[in-house]
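K.L.:
I am sharing start32.pdb, which consists of PDB, C-alpha atoms:
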ATOM      1  CA  MET A   1     -59.345-211.871-328.849
ATOM      2  CA  THR A   2     -62.449-213.362-327.177
ATOM      3  CA  GLY A   3     -65.978-212.023-327.624
ATOM      4  CA  ALA A   4     -65.800-210.384-324.204
ATOM      5  CA  GLY A   5     -62.464-208.784-325.111
ATOM      6  CA  VAL A   6     -63.848-207.392-328.348
ATOM      7  CA  VAL A   7     -66.894-205.952-326.560
ATOM      8  CA  LEU A   8     -64.657-204.452-323.840
ATOM      9  CA  LEU A   9     -62.296-202.839-326.368
ATOM     10  CA  THR A  10     -65.132-201.589-328.581
ATOM     11  CA  THR A  11     -67.076-200.027-325.699
ATOM     12  CA  PHE A  12     -63.825-198.560-324.307
ATOM     13  CA  LEU A  13     -62.980-196.841-327.611
ATOM     14  CA  ALA A  14     -66.555-195.705-328.355
ATOM     15  CA  SER A  15     -67.000-194.428-324.798
ATOM     16  CA  ALA A  16     -63.586-192.722-324.907
ATOM     17  CA  VAL A  17     -64.768-190.538-327.814
ATOM     18  CA  GLU A  18     -67.752-189.338-325.753
ATOM     19  CA  ALA A  19     -65.609-189.019-322.594
ATOM     20  CA  ILE A  20     -63.114-186.776-324.440
ATOM     21  CA  GLU A  21     -65.978-184.389-325.301
ATOM     22  CA  MET A  22     -67.205-184.487-321.694
ATOM     23  CA  VAL A  23     -63.781-183.878-320.126
ATOM     24  CA  THR A  24     -62.890-181.178-322.692
ATOM     25  CA  ILE A  25     -65.942-179.164-321.664
ATOM     26  CA  VAL A  26     -65.329-179.620-317.923
ATOM     27  CA  VAL A  27     -61.605-178.711-318.098
ATOM     28  CA  GLY A  28     -62.222-175.793-320.493
ATOM     29  CA  VAL A  29     -65.037-174.299-318.416
ATOM     30  CA  GLY A  30     -63.179-174.984-315.160
ATOM     31  CA  ALA A  31     -60.014-173.252-316.353
ATOM     32  CA  THR A  32     -62.026-170.256-317.573
ATOM     33  CA  ARG A  33     -64.518-169.794-314.732
ATOM     34  CA  GLY A  34     -62.981-171.714-311.847
ATOM     35  CA  TYR A  35     -63.282-175.370-310.880
ATOM     36  CA  ARG A  36     -65.468-175.107-307.778
ATOM     37  CA  TYR A  37     -68.879-174.747-309.433
ATOM     38  CA  THR A  38     -67.764-176.485-312.631
ATOM     39  CA  LEU A  39     -67.010-179.658-310.651
ATOM     40  CA  LEU A  40     -70.229-179.246-308.645
ATOM     41  CA  GLY A  41     -72.159-179.064-311.942
ATOM     42  CA  ALA A  42     -70.253-182.093-313.242
ATOM     43  CA  ALA A  43     -70.982-184.008-310.030
ATOM     44  CA  ALA A  44     -74.678-183.100-310.298
ATOM     45  CA  GLY A  45     -74.635-184.338-313.907
ATOM     46  CA  LEU A  46     -73.077-187.641-312.799
ATOM     47  CA  ALA A  47     -75.629-187.976-309.983
ATOM     48  CA  VAL A  48     -78.570-187.437-312.369
ATOM     49  CA  LEU A  49     -76.946-189.886-314.755
ATOM     50  CA  ALA A  50     -76.555-192.494-312.008
ATOM     51  CA  VAL A  51     -80.261-192.176-311.158
ATOM     52  CA  VAL A  52     -81.247-192.423-314.847
ATOM     53  CA  ILE A  53     -79.064-195.543-315.288
ATOM     54  CA  ALA A  54     -80.384-197.116-312.065
ATOM     55  CA  VAL A  55     -84.006-196.467-313.065
ATOM     56  CA  GLY A  56     -83.678-197.089-316.801
ATOM     57  CA  GLY A  57     -81.272-200.024-316.880
ATOM     58  CA  ILE A  58     -81.431-201.908-320.153
ATOM     59  CA  ALA A  59     -84.368-199.711-321.276
ATOM     60  CA  LEU A  60     -81.847-196.859-321.752
ATOM     61  CA  ALA A  61     -81.187-198.103-325.264
ATOM     62  CA  ALA A  62     -84.724-196.942-326.148
ATOM     63  CA  ILE A  63     -84.186-193.271-325.123
ATOM     64  CA  PRO A  64     -84.606-190.967-328.159
ATOM     65  CA  LEU A  65     -81.292-189.096-328.226
ATOM     66  CA  GLY A  66     -82.296-186.792-331.102
ATOM     67  CA  PRO A  67     -84.443-184.277-329.167
ATOM     68  CA  LEU A  68     -81.945-184.286-326.284
ATOM     69  CA  ARG A  69     -79.030-183.543-328.625
ATOM     70  CA  LEU A  70     -81.043-180.805-330.352
ATOM     71  CA  ALA A  71     -81.901-179.061-327.062
ATOM     72  CA  VAL A  72     -78.435-179.356-325.452
ATOM     73  CA  GLY A  73     -76.651-178.563-328.733
ATOM     74  CA  THR A  74     -78.741-175.429-329.335
ATOM     75  CA  LEU A  75     -78.057-174.144-325.807
ATOM     76  CA  LEU A  76     -74.317-174.861-326.136
ATOM     77  CA  LEU A  77     -74.201-173.189-329.561
ATOM     78  CA  LEU A  78     -75.925-170.014-328.337
ATOM     79  CA  PHE A  79     -73.744-169.775-325.229
ATOM     80  CA  GLY A  80     -70.569-170.771-327.086
ATOM     81  CA  LEU A  81     -71.106-168.038-329.676
ATOM     82  CA  GLN A  82     -71.135-165.412-326.904
ATOM     83  CA  TRP A  83     -67.727-166.544-325.630
ATOM     84  CA  TYR A  84     -66.480-166.966-329.207
ATOM     85  CA  ARG A  85     -67.289-163.348-330.083
ATOM     86  CA  LYS A  86     -65.993-161.953-326.770
ATOM     87  CA  GLY A  87     -62.808-164.011-327.150
ATOM     88  CA  VAL A  88     -62.250-162.576-330.643
ATOM     89  CA  VAL A  89     -62.717-159.007-329.356
ATOM     90  CA  ARG A  90     -60.396-159.512-326.368
ATOM     91  CA  VAL A  91     -57.603-161.282-328.228
ATOM     92  CA  ALA A  92     -57.808-158.619-330.976
ATOM     93  CA  ARG A  93     -57.652-155.829-328.393
ATOM     94  CA  ARG A  94     -55.186-157.179-325.842
ATOM     95  CA  GLY A  95     -53.476-160.158-327.435
ATOM     96  CA  PHE A  96     -52.692-162.837-324.870
ATOM     97  CA  ALA A  97     -52.718-160.408-321.947
ATOM     98  CA  GLY A  98     -55.896-161.834-320.466
ATOM     99  CA  TYR A  99     -58.788-159.796-319.214
ATOM    100  CA  ARG A 100     -58.296-159.570-315.468
ATOM    101  CA  GLY A 101     -59.408-156.151-314.313
ATOM    102  CA  GLU A 102     -60.950-155.263-317.668
ATOM    103  CA  ASP A 103     -64.479-156.533-317.293
ATOM    104  CA  GLN A 104     -65.067-158.537-314.153
ATOM    105  CA  THR A 105     -68.683-159.337-315.008
ATOM    106  CA  GLU A 106     -67.502-161.615-317.811
ATOM    107  CA  GLY A 107     -64.933-163.587-315.864
ATOM    108  CA  PRO A 108     -65.375-165.985-312.976
ATOM    109  CA  PRO A 109     -67.595-164.476-310.263
ATOM    110  CA  THR A 110     -65.618-162.611-307.638
ATOM    111  CA  ALA A 111     -68.416-162.505-305.077
ATOM    112  CA  ALA A 112     -69.445-165.461-302.947
ATOM    113  CA  GLY A 113     -72.433-166.201-305.251
ATOM    114  CA  ILE A 114     -72.955-169.451-307.114
ATOM    115  CA  ASP A 115     -71.525-169.529-310.645
ATOM    116  CA  TRP A 116     -74.601-170.989-312.318
ATOM    117  CA  THR A 117     -73.069-170.637-315.785
ATOM    118  CA  ALA A 118     -70.080-172.866-314.965
ATOM    119  CA  ALA A 119     -72.251-175.377-313.102
ATOM    120  CA  PHE A 120     -74.911-175.469-315.861
ATOM    121  CA  LEU A 121     -72.352-175.925-318.674
ATOM    122  CA  ALA A 122     -70.566-178.745-316.835
ATOM    123  CA  PHE A 123     -73.892-180.360-315.876
ATOM    124  CA  LYS A 124     -75.096-180.433-319.479
ATOM    125  CA  GLY A 125     -71.793-181.712-320.881
ATOM    126  CA  VAL A 126     -71.500-184.486-318.292
ATOM    127  CA  SER A 127     -75.153-185.584-318.329
ATOM    128  CA  LEU A 128     -75.500-185.683-322.141
ATOM    129  CA  GLU A 129     -72.141-187.331-322.839
ATOM    130  CA  GLY A 130     -72.563-189.638-319.849
ATOM    131  CA  LEU A 131     -75.957-190.709-321.153
ATOM    132  CA  GLU A 132     -74.412-191.441-324.548
ATOM    133  CA  ILE A 133     -71.730-193.587-322.858
ATOM    134  CA  ALA A 134     -74.440-195.435-320.915
ATOM    135  CA  ILE A 135     -76.389-196.080-324.118
ATOM    136  CA  ILE A 136     -73.220-197.306-325.894
ATOM    137  CA  VAL A 137     -72.508-199.675-322.987
ATOM    138  CA  VAL A 138     -76.082-200.985-322.824
ATOM    139  CA  SER A 139     -76.571-201.366-326.575
ATOM    140  CA  PHE A 140     -73.156-203.003-327.231
ATOM    141  CA  GLY A 141     -73.287-205.134-324.094
ATOM    142  CA  ALA A 142     -76.891-206.279-324.456
ATOM    143  CA  SER A 143     -76.667-207.043-328.186
ATOM    144  CA  ALA A 144     -73.463-209.076-327.687
ATOM    145  CA  GLY A 145     -74.742-210.721-324.502
ATOM    146  CA  GLU A 146     -71.638-209.344-322.698
ATOM    147  CA  LEU A 147     -72.983-206.584-320.456
ATOM    148  CA  GLY A 148     -70.238-207.036-317.823
ATOM    149  CA  PRO A 149     -67.245-206.390-320.140
ATOM    150  CA  ALA A 150     -69.184-203.522-321.753
ATOM    151  CA  ILE A 151     -69.666-201.835-318.363
ATOM    152  CA  VAL A 152     -65.938-202.319-317.579
ATOM    153  CA  GLY A 153     -65.003-200.826-320.986
ATOM    154  CA  GLY A 154     -67.247-197.766-320.515
ATOM    155  CA  ALA A 155     -66.118-197.185-316.929
ATOM    156  CA  ALA A 156     -62.429-197.599-317.889
ATOM    157  CA  ALA A 157     -62.806-195.005-320.641
ATOM    158  CA  LEU A 158     -64.316-192.533-318.170
ATOM    159  CA  VAL A 159     -61.518-193.137-315.628
ATOM    160  CA  VAL A 160     -58.660-192.942-318.181
ATOM    161  CA  ILE A 161     -59.939-189.837-320.004
ATOM    162  CA  GLY A 162     -60.932-188.208-316.685
ATOM    163  CA  ALA A 163     -57.403-188.792-315.330
ATOM    164  CA  LEU A 164     -55.900-187.346-318.523
ATOM    165  CA  GLY A 165     -58.116-184.277-318.171
ATOM    166  CA  PHE A 166     -57.077-183.885-314.525
ATOM    167  CA  ALA A 167     -53.398-184.149-315.551
ATOM    168  CA  LEU A 168     -53.909-181.422-318.171
ATOM    169  CA  LYS A 169     -55.657-179.093-315.690
ATOM    170  CA  GLY A 170     -52.421-177.307-314.706
ATOM    171  CA  PRO A 171     -51.115-176.572-318.229
ATOM    172  CA  VAL A 172     -54.593-175.436-319.339
ATOM    173  CA  GLU A 173     -54.780-172.966-316.418
ATOM    174  CA  ARG A 174     -51.536-171.314-317.592
ATOM    175  CA  ILE A 175     -53.101-170.342-320.933
ATOM    176  CA  PRO A 176     -53.948-166.598-321.012
ATOM    177  CA  ARG A 177     -57.616-166.127-320.162
ATOM    178  CA  SER A 178     -58.601-164.077-323.207
ATOM    179  CA  PHE A 179     -57.197-166.789-325.476
ATOM    180  CA  LEU A 180     -58.686-169.543-323.313
ATOM    181  CA  GLN A 181     -62.116-167.899-323.572
ATOM    182  CA  LEU A 182     -61.761-167.890-327.352
ATOM    183  CA  VAL A 183     -60.650-171.555-327.386
ATOM    184  CA  VAL A 184     -63.476-172.691-325.094
ATOM    185  CA  GLY A 185     -65.973-170.553-327.050
ATOM    186  CA  THR A 186     -64.774-172.203-330.266
ATOM    187  CA  MET A 187     -65.118-175.669-328.705
ATOM    188  CA  LEU A 188     -68.597-175.036-327.283
ATOM    189  CA  THR A 189     -69.733-173.554-330.609
ATOM    190  CA  SER A 190     -68.353-176.568-332.501
ATOM    191  CA  PHE A 191     -69.854-179.176-330.146
ATOM    192  CA  GLY A 192     -73.130-177.208-330.029
ATOM    193  CA  THR A 193     -73.348-177.047-333.833
ATOM    194  CA  PHE A 194     -72.564-180.745-334.156
ATOM    195  CA  TRP A 195     -75.027-181.951-331.514
ATOM    196  CA  ALA A 196     -77.875-179.608-332.519
ATOM    197  CA  LEU A 197     -77.675-180.736-336.150
ATOM    198  CA  GLU A 198     -77.241-184.397-335.156
ATOM    199  CA  GLY A 199     -80.485-183.920-333.246
ATOM    200  CA  LEU A 200     -82.094-182.916-336.553
ATOM    201  CA  ALA A 201     -80.802-186.189-338.086
ATOM    202  CA  ILE A 202     -78.294-184.361-340.315
ATOM    203  CA  ASP A 203     -75.975-186.733-342.150
ATOM    204  CA  TRP A 204     -72.510-185.302-341.430
ATOM    205  CA  PRO A 205     -70.263-186.007-344.452
ATOM    206  CA  GLN A 206     -67.328-187.298-342.337
ATOM    207  CA  SER A 207     -69.407-188.502-339.366
ATOM    208  CA  ASP A 208     -67.809-187.694-335.955
ATOM    209  CA  ALA A 209     -64.636-186.359-337.656
ATOM    210  CA  ASP A 210     -66.688-183.320-338.645
ATOM    211  CA  ILE A 211     -66.343-182.050-335.055
ATOM    212  CA  VAL A 212     -62.640-181.522-335.827
ATOM    213  CA  LEU A 213     -63.497-179.821-339.137
ATOM    214  CA  LEU A 214     -65.965-177.544-337.316
ATOM    215  CA  LEU A 215     -63.215-176.669-334.795
ATOM    216  CA  ILE A 216     -60.862-175.802-337.679
ATOM    217  CA  PHE A 217     -63.575-173.786-339.488
ATOM    218  CA  TYR A 218     -64.549-171.746-336.417
ATOM    219  CA  GLY A 219     -60.882-171.395-335.369
ATOM    220  CA  MET A 220     -59.804-170.065-338.767
ATOM    221  CA  SER A 221     -62.806-167.723-338.870
ATOM    222  CA  ALA A 222     -61.829-166.389-335.422
ATOM    223  CA  ALA A 223     -58.255-165.814-336.631
ATOM    224  CA  ALA A 224     -59.583-163.876-339.651
ATOM    225  CA  PHE A 225     -61.871-161.781-337.413
ATOM    226  CA  ILE A 226     -58.946-160.991-335.078
ATOM    227  CA  VAL A 227     -56.754-159.828-337.986
ATOM    228  CA  LEU A 228     -59.630-157.699-339.317
ATOM    229  CA  GLU A 229     -60.419-156.204-335.890
ATOM    230  CA  ARG A 230     -56.751-155.305-335.339
ATOM    231  CA  ARG A 231     -56.458-153.718-338.778
ATOM    232  CA  VAL A 232     -59.572-151.594-338.283
ATOM    233  CA  ARG A 233     -58.439-150.600-334.790
ATOM    234  CA  LYS A 234     -55.008-149.573-336.091
ATOM    235  CA  GLN A 235     -56.576-147.500-338.890
ATOM    236  CA  THR A 236     -58.924-145.822-336.402
ATOM    237  CA  LEU A 237     -56.008-144.946-334.097
ATOM    238  CA  GLN A 238     -53.944-143.586-337.012
ATOM    239  CA  ALA A 239     -56.903-141.484-338.201
ATOM    240  CA  ALA A 240     -57.401-140.118-334.687
ATOM    241  CA  GLN A 241     -53.688-139.185-334.371
ATOM    242  CA  SER A 242     -53.455-137.424-337.758
TER
ATOM    243  CA  MET B   1     -91.833-160.012-303.431
ATOM    244  CA  THR B   2     -92.196-163.629-302.305
ATOM    245  CA  THR B   3     -89.218-165.977-302.177
ATOM    246  CA  VAL B   4     -90.716-168.205-304.888
ATOM    247  CA  TRP B   5     -91.174-165.225-307.214
ATOM    248  CA  LYS B   6     -87.588-164.075-306.525
ATOM    249  CA  VAL B   7     -86.302-167.545-307.476
ATOM    250  CA  VAL B   8     -88.423-167.568-310.656
ATOM    251  CA  VAL B   9     -87.102-164.116-311.650
ATOM    252  CA  ALA B  10     -83.497-165.137-310.868
ATOM    253  CA  VAL B  11     -83.823-168.333-312.935
ATOM    254  CA  ALA B  12     -85.442-166.428-315.826
ATOM    255  CA  ARG B  13     -82.668-163.811-315.750
ATOM    256  CA  PHE B  14     -80.002-166.501-315.712
ATOM    257  CA  LEU B  15     -81.571-168.369-318.617
ATOM    258  CA  TYR B  16     -81.969-165.170-320.651
ATOM    259  CA  GLY B  17     -78.347-164.191-319.978
ATOM    260  CA  TYR B  18     -77.180-167.727-320.733
ATOM    261  CA  VAL B  19     -79.104-168.231-323.970
ATOM    262  CA  VAL B  20     -79.419-164.707-325.373
ATOM    263  CA  GLY B  21     -76.679-162.732-323.607
ATOM    264  CA  ASP B  22     -76.238-159.230-324.993
ATOM    265  CA  ASP B  23     -77.179-160.001-328.596
ATOM    266  CA  LEU B  24     -80.830-160.893-329.110
ATOM    267  CA  LEU B  25     -80.529-160.717-332.919
ATOM    268  CA  LEU B  26     -77.746-163.348-332.988
ATOM    269  CA  ALA B  27     -79.731-165.730-330.766
ATOM    270  CA  VAL B  28     -82.936-165.310-332.810
ATOM    271  CA  VAL B  29     -81.150-165.785-336.154
ATOM    272  CA  MET B  30     -79.312-168.884-334.908
ATOM    273  CA  VAL B  31     -82.543-170.479-333.633
ATOM    274  CA  LEU B  32     -84.225-169.646-336.958
ATOM    275  CA  GLY B  33     -81.210-171.179-338.734
ATOM    276  CA  ILE B  34     -81.637-174.421-336.777
ATOM    277  CA  VAL B  35     -85.383-174.434-337.524
ATOM    278  CA  ALA B  36     -84.657-173.803-341.241
ATOM    279  CA  THR B  37     -82.133-176.667-341.225
ATOM    280  CA  GLY B  38     -84.834-178.900-339.756
ATOM    281  CA  PHE B  39     -87.191-177.990-342.610
ATOM    282  CA  LEU B  40     -84.452-178.559-345.205
ATOM    283  CA  VAL B  41     -83.630-181.974-343.703
ATOM    284  CA  ALA B  42     -87.336-182.842-343.854
ATOM    285  CA  THR B  43     -87.270-182.051-347.587
ATOM    286  CA  LYS B  44     -84.207-184.320-348.063
ATOM    287  CA  VAL B  45     -81.660-181.458-348.273
ATOM    288  CA  ASN B  46     -78.636-182.323-346.109
ATOM    289  CA  ALA B  47     -78.057-178.690-345.062
ATOM    290  CA  TRP B  48     -75.254-179.274-342.500
ATOM    291  CA  TRP B  49     -73.477-176.159-343.792
ATOM    292  CA  LEU B  50     -76.231-173.622-342.967
ATOM    293  CA  VAL B  51     -75.711-173.228-339.200
ATOM    294  CA  PRO B  52     -71.870-172.939-339.286
ATOM    295  CA  LEU B  53     -72.089-170.323-342.062
ATOM    296  CA  LEU B  54     -74.806-168.406-340.187
ATOM    297  CA  ALA B  55     -72.778-168.525-336.958
ATOM    298  CA  VAL B  56     -69.711-166.985-338.600
ATOM    299  CA  ALA B  57     -71.781-164.456-340.586
ATOM    300  CA  MET B  58     -73.663-163.330-337.471
ATOM    301  CA  THR B  59     -70.422-163.039-335.489
ATOM    302  CA  GLY B  60     -68.991-160.849-338.271
ATOM    303  CA  LEU B  61     -72.165-158.733-338.317
ATOM    304  CA  ASP B  62     -72.074-158.326-334.536
ATOM    305  CA  LEU B  63     -68.407-157.256-334.585
ATOM    306  CA  TRP B  64     -69.157-154.763-337.380
ATOM    307  CA  ARG B  65     -72.134-153.313-335.455
ATOM    308  CA  ARG B  66     -69.995-152.917-332.346
ATOM    309  CA  ARG B  67     -67.247-151.134-334.284
ATOM    310  CA  ARG B  68     -69.779-148.689-335.733
ATOM    311  CA  ALA B  69     -71.335-148.100-332.318
TER
END
Can you present the structure in this file as structure tokens?

P.N.:
Amino acid sequence: MTGAGVVLLTTFLASAVEAIEMVTIVVGVGATRGYRYTLLGAAAGLAVLAVVIAVGGIALAAIPLGPLRLAVGTLLLLFGLQWYRKGVVRVARRGFAGYRGEDQTEGPPTAAGIDWTAAFLAFKGVSLEGLEIAIIVVSFGASAGELGPAIVGGAAALVVIGALGFALKGPVERIPRSFLQLVVGTMLTSFGTFWALEGLAIDWPQSDADIVLLLIFYGMSAAAFIVLERRVRKQTLQAAQS
Amino acid sequence: MTTVWKVVVAVARFLYGYVVGDDLLLAVVMVLGIVATGFLVATKVNAWWLVPLLAVAMTGLDLWRRRRA
């Protein structure tokens, strides 16, 4: 493989990792709160990113990602934990029945108002991950003297992973909402934890693979909480009946 | 109330609801956990485990408080 080919493949794979995180957030939030404002937030994130890339150019490689990761990660962690806890409570209470009609203030907005939460979440996910892709492209491309193939690799990763996310939109929407809220809450909490601590220059023992371990840790904890909540609820009902 | 003030109040309410939600204690403890991790990292302790453990512990505490309420 030529130097250009190696740069293209490397930037494609590295960018694909970031694009998976970006698309996961957009599809998860869209399926939970509706796609209209999620996609508007994502589009706004891409627009800001385009301006940053146009203005910054090669200088992007000098942007300090640490503080940005810390700020975005902390916000995602705090918001993700709210959905995580509410998802645990709802799945424990109603299984996979969803929550339509139970508490409309927590679901997608029913009025004509703007869903700032969906737009803000998508905006942050797209702008941060997009910026990381841009930095990967610039740093790989500039250091290898192959900026063109690097741009093609980064753009191809975005298109391929974006198309995969779009293809998965339908199946994701069929997942019961209470469970979906728990899954998205678990994902946001995991990504938030990872990014916030990366921003503090934590040395993750397994590097990026620790995102998967965080997902497993939070997922198993949620399962334990659900079992505990159901047990306590059952005991309370039995005590009330006797 | 002026339009600018209404926008400021709406943005502040959104940010509070987004970041804090209905559990101020959880948000405060998590931010303190991140700050503590920062201090530990500065003293060469790779405390990656602190925030995940705090997150699960605070979720458990919140669920317990809600059951009792």

K.L.:
Name all residues at most 8 Å from A:Leu188 (count all atoms listed in the file; drop same-chain ones fewer than 4 positions away) and give them as number ranges by chain.

P.N.:
A: 25, 76-77, 79-81, 184, 192

K.L.:
Tell me which of A:Ala201, A:Ala209, A:Leu147, A:Val72 sits closest to chain B, counting only C-alpha atoms.

P.N.:
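Distance minimum relative to chain B lands on A:Ala201.
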
K.L.:
Could you check which of A:Lys169, A:Arg174, A:Arg36, A:Lys86 is closest to chain B, using all atoms listed in the file?

P.N.:
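The shortest atom-to-atom distance to chain B comes from A:Lys86.
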
K.L.:
Residues within 12 Å of A:Leu228, please, as a list of chain:residue names. Count only C-alpha atoms; anything in the same chain fewer than 6 positions from it doesn't count.

P.N.:
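Final neighbour list, sorted by chain and number: A:Val88, A:Val89, A:Val91, A:Ala92, A:Arg93, A:Ser221, A:Ala222, A:Lys234, A:Gln235, B:Gly60, B:Leu63, B:Trp64, B:Arg67.
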
K.L.:
Please, could you write that set of residues out with C-alpha atoms as a tab-separated table (two decimals), in the coordinates of the input?

P.N.:
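As a result, out-v3.tsv now contains:
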chain	number	residue	atom	x	y	z
A	88	VAL	CA	-62.25	-162.58	-330.64
A	89	VAL	CA	-62.72	-159.01	-329.36
A	91	VAL	CA	-57.60	-161.28	-328.23
A	92	ALA	CA	-57.81	-158.62	-330.98
A	93	ARG	CA	-57.65	-155.83	-328.39
A	221	SER	CA	-62.81	-167.72	-338.87
A	222	ALA	CA	-61.83	-166.39	-335.42
A	234	LYS	CA	-55.01	-149.57	-336.09
A	235	GLN	CA	-56.58	-147.50	-338.89
B	60	GLY	CA	-68.99	-160.85	-338.27
B	63	LEU	CA	-68.41	-157.26	-334.58
B	64	TRP	CA	-69.16	-154.76	-337.38
B	67	ARG	CA	-67.25	-151.13	-334.28

K.L.:
So how many Å separate atom CA of A:Leu46 and atom CA of A:Leu197, to one decimal?

P.N.:
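Pair atom CA of A:Leu46 / atom CA of A:Leu197 returns 24.8 Å.
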
K.L.:
Define the interface residues of chain A facing chain B as those within 10 Å, counting all atoms listed in the file, and report them as number ranges by chain.

P.N.:
A: 70, 74-86, 88-89, 116-117, 120-121, 189-190, 193-194, 196-205, 214, 217-218, 221-222, 224-225, 228-229, 232-233

K.L.:
Atom CA of A:Gly154 and atom CA of A:Leu131 are how many Å apart?

P.N.:
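We find that atom CA of A:Gly154 and atom CA of A:Leu131 lie 11.2 Å from each other.
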
K.L.:
Between atom CA of A:Val138 and atom CA of A:Asp208, measure the distance and give it in Å to one decimal.

P.N.:
20.4 Å

K.L.:
Taking into account only C-alpha atoms, which residue in the set A:Gly73, A:Glu18, A:Ala122, A:Gly145 is nearest to A:Leu39?

P.N.:
A:Ala122

K.L.:
Which is closer to A:Thr24 than all the others in A:Ala118, A:Ile133, A:Leu128, A:Leu168, using all atoms listed in the file?

P.N.:
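Closest candidate: A:Leu168.
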
K.L.:
List as a ChimeraX atom specification: which residues have an atom within 9 Å of (-67.1, -196.1, -326.3), counting all atoms listed in the file?

P.N.:
/A:9-19,132-133,136-137,150,153-154,157
